[in-house]
Amino acid sequence: MDASTNCWRGIILLGGPGSGKGTQAALLAQRLGIAHISTGDLFRQNIRMETPLGKLARTYMEKGELVPDEVTVGMVRERLKQPDCANGFILDGFPRTIAQADALNQVLADMRQALTAVLNLQVAPEVLIDRLSRRWTCKSCGAVFPEFSLPPRPGCKKDVCDGELYQRPDDRPETQRHRIEVYREQTAPLEAYYAERGMLIEIDGENSVERVHQLIVDAVGCEDGAAQGER
Ligand code: ADP
């Protein structure tokens, strides 16, 4: 096995809406020097750019429903071909159904790769609801501000961004419960799916961002990461 094979990582983050997947995936991707692929972000980008894919995805997302599997799988298959995936990737929000997980296995087999870890961020449903109702997102850069129940300030202020902060339509109370229900019905079965394959690692997601990151680092090991030593 050569060095590049050693470093390659294929990591999945499972967890309900608001469990912290996006935050943790970004931190881990930076630390390991691998791509962060969020299907939710890819759909939102397409919605902003008013592509046909975005127009289709919007109709499902606003109701808290899943975008159909064949559309989502096609988008992920294309994304995994990008050069920034050469050292591997963290998938955030994919797979969300058993059919997507089966399709991912096939895509990875075609790439002659296999998953290295599946992390399940455990957070109780009432904590998810509380977090979603406080979450504000920047319209321009997508930064997430989790800690406020009212719009916190006029502009984003992340790096040099001054984007408008808004509450994602699918974070509103009427949609939240439905998304959690959809998660329980369609995505939670993936926990057993990956546990049966000996891949599932449980992470207690009801800790601080820093603590959850440390639990994840301990679980996956970061000794060969491109950004080793950065904290
Ligand atoms: P969260 O992490 O808060 O659950 P995401 O940003 O991952 O939110 O997803 C937002 C919405 O995008 C989902 O409710 C769904 O409509 C759509 N979506 C994202 N990923 C997928 C997927 N893998 N399959 C189908 N729909 C998806």
# chains A, B, ... in the order shown; residues from 1 in each chain; ligands from 1
call {"tool": "residues_near_ligand", "arguments": {"ligand": "ligand 1", "cutoff": "7 Å", "atoms": "only C-alpha atoms and all ligand atoms", "output": "list in words"}}
result
Gly16, Pro17, Gly18, Lys21, Gly22, Ser38, Thr39, Gly40, Asp41, Phe43, Tyr60, Met61, Gly64, Glu65, Leu66, Val67, Pro68, Asp69, Thr72, Asp92, Gly93, Phe94, Pro95, Arg96, Asp170 and Arg179 of chain A
call {"tool": "residues_around", "arguments": {"residues": "Pro146 of chain A", "least_positions_apart": "5", "cutoff": "7 Å", "atoms": "only C-alpha atoms", "output": "ChimeraX atom specification"}}
result
/A:131,134-136
call {"tool": "write_last_selection", "arguments": {"atoms": "all heavy atoms", "output": "compact mmCIF listing (two decimals), in the first residue's frame"}}
result
# COMPACT_ATOMS: atom_id res chain seq x y z
N ARG A 131 -32.21 23.63 18.88
CA ARG A 131 -31.11 24.18 18.08
C ARG A 131 -31.62 24.75 16.76
O ARG A 131 -31.17 25.82 16.32
CB ARG A 131 -30.09 23.07 17.77
CG ARG A 131 -29.26 22.65 18.96
CD ARG A 131 -28.22 21.67 18.47
NE ARG A 131 -27.43 21.11 19.54
CZ ARG A 131 -26.49 20.19 19.34
NH1 ARG A 131 -26.26 19.74 18.12
NH2 ARG A 131 -25.80 19.72 20.35
N ARG A 134 -33.03 28.21 16.79
CA ARG A 134 -32.07 29.30 17.05
C ARG A 134 -31.11 29.51 15.89
O ARG A 134 -30.19 30.31 16.00
CB ARG A 134 -31.22 28.96 18.27
CG ARG A 134 -31.97 28.91 19.55
CD ARG A 134 -31.10 28.18 20.58
NE ARG A 134 -31.86 27.90 21.77
CZ ARG A 134 -31.96 28.73 22.78
NH1 ARG A 134 -31.36 29.88 22.74
NH2 ARG A 134 -32.67 28.41 23.83
N ARG A 135 -31.25 28.76 14.81
CA ARG A 135 -30.20 28.75 13.78
C ARG A 135 -30.46 29.82 12.72
O ARG A 135 -31.50 29.83 12.08
CB ARG A 135 -30.16 27.36 13.14
CG ARG A 135 -29.15 27.21 12.06
CD ARG A 135 -28.79 25.78 11.83
NE ARG A 135 -29.71 25.08 10.96
CZ ARG A 135 -29.50 23.85 10.51
NH1 ARG A 135 -28.42 23.19 10.88
NH2 ARG A 135 -30.37 23.28 9.73
N TRP A 136 -29.49 30.69 12.51
CA TRP A 136 -29.54 31.69 11.45
C TRP A 136 -28.42 31.44 10.46
O TRP A 136 -27.32 31.04 10.85
CB TRP A 136 -29.44 33.11 12.04
CG TRP A 136 -30.66 33.41 12.84
CD1 TRP A 136 -30.92 33.01 14.12
CD2 TRP A 136 -31.83 34.11 12.40
NE1 TRP A 136 -32.17 33.42 14.51
CE2 TRP A 136 -32.75 34.10 13.48
CE3 TRP A 136 -32.18 34.74 11.21
CZ2 TRP A 136 -34.00 34.70 13.40
CZ3 TRP A 136 -33.42 35.35 11.14
CH2 TRP A 136 -34.32 35.32 12.21
call {"tool": "closest_residue", "arguments": {"among": "A:Ile216, A:Val71, A:Cys141, A:Leu80", "to": "Gln24 of chain A", "atoms": "only C-alpha atoms"}}
result
A:Ile216
call {"tool": "residues_around", "arguments": {"residues": "Pro173 of chain A", "least_positions_apart": "2", "cutoff": "10 Å", "atoms": "only C-alpha atoms", "output": "list in words"}}
result
Ile129, Asp130, Leu132, Ser133, Pro169, Asp170, Asp171, Thr175, Gln176, Arg177 and His178 of chain A
call {"tool": "write_last_selection", "arguments": {"atoms": "C-alpha atoms", "output": "PDB file, in the first residue's frame"}}
result
ATOM      1  CA  ILE A 129     -35.769  21.273  17.872  1.00  0.00           C
ATOM      2  CA  ASP A 130     -34.241  23.829  20.228  1.00  0.00           C
ATOM      3  CA  LEU A 132     -33.010  24.503  14.788  1.00  0.00           C
ATOM      4  CA  SER A 133     -35.188  27.303  16.130  1.00  0.00           C
ATOM      5  CA  PRO A 169     -37.307  28.048   5.332  1.00  0.00           C
ATOM      6  CA  ASP A 170     -36.857  24.434   6.377  1.00  0.00           C
ATOM      7  CA  ASP A 171     -35.707  25.503   9.885  1.00  0.00           C
ATOM      8  CA  THR A 175     -41.068  22.125   9.029  1.00  0.00           C
ATOM      9  CA  GLN A 176     -38.669  21.148  11.805  1.00  0.00           C
ATOM     10  CA  ARG A 177     -40.765  18.354  13.286  1.00  0.00           C
ATOM     11  CA  HIS A 178     -41.439  16.924   9.865  1.00  0.00           C
TER      12      HIS A 178
END
call {"tool": "atom_distance", "arguments": {"atom1": "atom CA of Arg168 of chain A", "atom2": "atom CA of Ser140 of chain A"}}
result
12.7 Å
call {"tool": "closest_residue", "arguments": {"among": "A:Glu191, A:Asp218, A:Asp110, A:Glu206", "to": "Val127 of chain A", "atoms": "only C-alpha atoms"}}
result
A:Glu206
call {"tool": "residues_around", "arguments": {"residues": "Ser19 of chain A", "least_positions_apart": "5", "cutoff": "9 Å", "atoms": "only C-alpha atoms", "output": "CSV table (one decimal) with N, CA and C atoms, in the first residue's frame"}}
result
chain,number,residue,atom,x,y,z
A,14,LEU,N,-23.5,10.8,10.1
A,14,LEU,CA,-24.9,10.7,10.2
A,14,LEU,C,-25.4,11.5,11.4
A,121,LEU,N,-23.7,11.2,15.0
A,121,LEU,CA,-23.8,12.2,16.0
A,121,LEU,C,-25.1,12.1,16.7
A,122,GLN,N,-25.1,11.7,18.0
A,122,GLN,CA,-26.3,11.4,18.7
A,122,GLN,C,-26.8,12.7,19.5
A,123,VAL,N,-28.0,13.1,19.2
A,123,VAL,CA,-28.5,14.3,19.9
A,123,VAL,C,-30.0,14.0,20.0
A,124,ALA,N,-30.6,14.2,21.2
A,124,ALA,CA,-32.0,13.9,21.5
A,124,ALA,C,-32.9,14.9,20.7
A,127,VAL,N,-33.5,18.4,21.8
A,127,VAL,CA,-32.4,19.3,21.7
A,127,VAL,C,-32.3,19.8,20.2
A,128,LEU,N,-32.6,18.9,19.3
A,128,LEU,CA,-32.5,19.2,17.8
A,128,LEU,C,-33.5,20.4,17.6
A,131,ARG,N,-32.2,23.6,18.9
A,131,ARG,CA,-31.1,24.2,18.1
A,131,ARG,C,-31.6,24.8,16.8
A,205,GLY,N,-23.2,13.8,20.6
A,205,GLY,CA,-23.3,15.2,20.0
A,205,GLY,C,-23.8,16.2,20.9
A,206,GLU,N,-24.1,15.9,22.1
A,206,GLU,CA,-24.6,16.9,23.1
A,206,GLU,C,-23.5,17.5,23.9
call {"tool": "select_by_dssp", "arguments": {"residues": "segment 43-188 of chain A", "states": "strand (DSSP E or B)", "output": "PyMOL selection string"}}
result
chain A and resi 88-92+117-122+136-138+144-145+165-166
call {"tool": "atom_distance", "arguments": {"atom1": "atom CA of Arg79 of chain A", "atom2": "atom CA of Leu190 of chain A"}}
result
21.8 Å
call {"tool": "closest_residue", "arguments": {"among": "A:Tyr183, A:Phe89, A:Tyr193, A:Phe145", "to": "His36 of chain A", "atoms": "only C-alpha atoms"}}
result
A:Phe89
